[in-house]
Amino acid sequence: MSDPPSLEGEEPDRLYIVTGGRGAAVPVELDLVTLVLAEGEPAGGMQSEHAEILRSCRYHPMAVVELSARLRMPVSVVRVLLRDLLALGRITARPPASAPARAELPDLATLKQVLVGLQNL
Amino acid sequence: MDSRTSDQPTGPGTVPGVRAEAAPGTVPGIVPAAASPAGGDPPLRATARDGLKIVIVGGFGAGKTTMVGAVSEIRPLSTEEVMTRAGIGIDDPSRVRDKNTTTVAFDFGRITLNDLQVLYLFGAPGQQRFWFLWEQLFAGALGAVVLVDTRRIADSWYAIDRLEAHPLPFVVAVNRFDDAPGPPLERVRDALDLDPGVSLIECDARRRASTKTALITLVRHLTALHDLPASAAAREPVT
């Protein structure tokens, strides 16, 4: 068996403590609609929640919020687990590329694409 | 009922810790994730790489989940966020059971727009005590649809106030879900004290075509905002 980095016995806040925990503490790459894709199969001995995430997004990306719903874990908890996996290089995250900045409008190209997509419904 | 929240009080009037949309009969489209086998819903395309958000805001029982379900390619899913009482997102799973944390449930669905883009629709609980969730839902969103139940128009005031403050552009859709005629749109506009520039439409959130029209109205509204002068595009009220 390979020897994956063990997550056992570590402090739950080992990877990050966000200063002050303000809204900015949610990095854009882990937005609710950031899409997550596993980079491989779960490794033996891996924490079960980590393994479950990897199985859920092994072949198709899955949004953070959908992982939360399907794994029945609060979004905050899923974010912690995803940061673990990101730090280990076991997932990649696709942040929302077209999200407008606060108080900015979505760009016209994005709006056009959304319009076409909705009209095709 | 989800085991994690079954020990929590439900119903209006209770303090934080409540599930947002737990009233029976008000959200017929909802399917708890627990009852939703992953195999039943189509996965995202492997090429998907750009998640977009539209938020549907409305009071309790206004039909948000119904609206999401009318156009979503998956059955609406429900999940929850845990926040501290202070409204600060927690980042430590060991604190999830703290007395000082609040759990709020919200629903969502999705629409694949093309090979790259997928649009997520979020139903945001409109109650004032859940304001802390909104920041997260509004961040990066394209815009919002305020779904109004004309029997409880006042439920929308706070949501509209928050949208204007964020600011996040929105349209207002009056849900005619009960087939009752209800007050005319102009009276709704007055009651909500809506800016003349805000689109106000009727819809039937149960119907796919009607919900689709509401979303398209929002996108057209956003497009039109691009034509306003820069100062107005910042969505300051036009005087």
# chains A, B, ... in the order shown; residues from 1 in each chain; ligands from 1
call {"tool": "residues_around", "arguments": {"residues": "Ala93 (chain A)", "least_positions_apart": "4", "cutoff": "9 Å", "atoms": "only C-alpha atoms", "output": "list in words"}}
result
Glu29, Leu30, Thr34, Leu35, Val36, Leu37, Ala38, Pro61 and Leu86 of chain A; Arg49 of chain B
call {"tool": "residues_around", "arguments": {"residues": "Gln113 (chain A)", "least_positions_apart": "4", "cutoff": "9 Å", "atoms": "only C-alpha atoms", "output": "ChimeraX atom specification"}}
result
/A:108-109,117-118 /B:113-114,117
call {"tool": "interface_residues", "arguments": {"of": "chain A", "to": "chain B", "cutoff": "6 Å", "atoms": "only C-alpha atoms", "output": "PyMOL selection string"}}
result
chain A and resi 13+33+60+69-70+74-75+77+94+96-97+99-100+103+106+117
call {"tool": "atom_distance", "arguments": {"atom1": "CA of His50 (chain A)", "atom2": "CA of Leu85 (chain A)"}}
result
7.2 Å
call {"tool": "atom_distance", "arguments": {"atom1": "CA of Phe177 (chain B)", "atom2": "CA of Phe60 (chain B)"}}
result
14.2 Å
call {"tool": "atom_distance", "arguments": {"atom1": "CA of Gly123 (chain B)", "atom2": "CA of Lys64 (chain B)"}}
result
5.3 Å
call {"tool": "residues_around", "arguments": {"residues": "Thr211 (chain B)", "least_positions_apart": "5", "cutoff": "8 Å", "atoms": "only C-alpha atoms", "output": "mmCIF file with C-alpha atoms, in the first residue's frame"}}
result
data_model
loop_
_atom_site.group_PDB
_atom_site.id
_atom_site.type_symbol
_atom_site.label_atom_id
_atom_site.label_comp_id
_atom_site.auth_asym_id
_atom_site.auth_seq_id
_atom_site.Cartn_x
_atom_site.Cartn_y
_atom_site.Cartn_z
ATOM 1 C CA MET B 67 -39.231 27.956 -8.754
ATOM 2 C CA ALA B 70 -39.326 24.242 -12.267
ATOM 3 C CA VAL B 71 -36.159 24.758 -14.292
ATOM 4 C CA CYS B 203 -45.006 34.509 -12.769
ATOM 5 C CA ASP B 204 -46.205 31.081 -11.839
ATOM 6 C CA ALA B 205 -43.233 29.496 -10.112
ATOM 7 C CA ARG B 206 -44.674 26.042 -10.706
#
call {"tool": "closest_residue", "arguments": {"among": "B:Ile74, B:Val172, B:Val68, B:Leu116", "to": "Val146 (chain B)", "atoms": "only C-alpha atoms"}}
result
B:Val172
call {"tool": "select_by_dssp", "arguments": {"residues": "region 60-162 of chain B", "states": "strand (DSSP E)", "output": "PyMOL selection string"}}
result
chain B and resi 77-84+101-112+117-125+143-148
call {"tool": "write_last_selection", "arguments": {"atoms": "C-alpha atoms", "output": "compact mmCIF listing (two decimals), in the first residue's frame"}}
result
# COMPACT_ATOMS: atom_id res chain seq x y z
CA LEU B 77 -31.17 19.82 -3.26
CA SER B 78 -31.08 21.16 0.23
CA THR B 79 -28.01 21.80 2.25
CA GLU B 80 -27.04 23.92 5.15
CA GLU B 81 -24.48 26.36 6.31
CA VAL B 82 -23.27 26.75 9.85
CA MET B 83 -22.34 30.16 11.08
CA THR B 84 -21.45 31.59 14.42
CA THR B 101 -23.42 28.39 15.95
CA THR B 102 -26.51 28.70 13.83
CA THR B 103 -27.59 26.35 11.11
CA VAL B 104 -29.50 27.65 8.12
CA ALA B 105 -30.78 25.49 5.32
CA PHE B 106 -31.08 26.58 1.72
CA ASP B 107 -32.03 24.94 -1.55
CA PHE B 108 -30.52 25.00 -4.97
CA GLY B 109 -30.71 23.53 -8.42
CA ARG B 110 -28.70 23.81 -11.59
CA ILE B 111 -28.99 24.46 -15.29
CA THR B 112 -26.21 23.47 -17.67
CA GLN B 117 -20.89 27.04 -17.94
CA VAL B 118 -23.38 25.84 -15.39
CA LEU B 119 -25.87 28.11 -13.69
CA TYR B 120 -26.81 27.44 -10.08
CA LEU B 121 -30.08 28.75 -8.74
CA PHE B 122 -30.19 29.34 -5.03
CA GLY B 123 -33.28 29.77 -2.93
CA ALA B 124 -32.29 32.16 -0.17
CA PRO B 125 -34.39 32.21 2.97
CA GLY B 143 -28.35 39.00 -9.96
CA ALA B 144 -31.44 38.06 -8.01
CA VAL B 145 -35.10 37.38 -8.47
CA VAL B 146 -37.26 38.53 -5.58
CA LEU B 147 -40.22 36.20 -5.42
CA VAL B 148 -43.19 37.90 -3.83
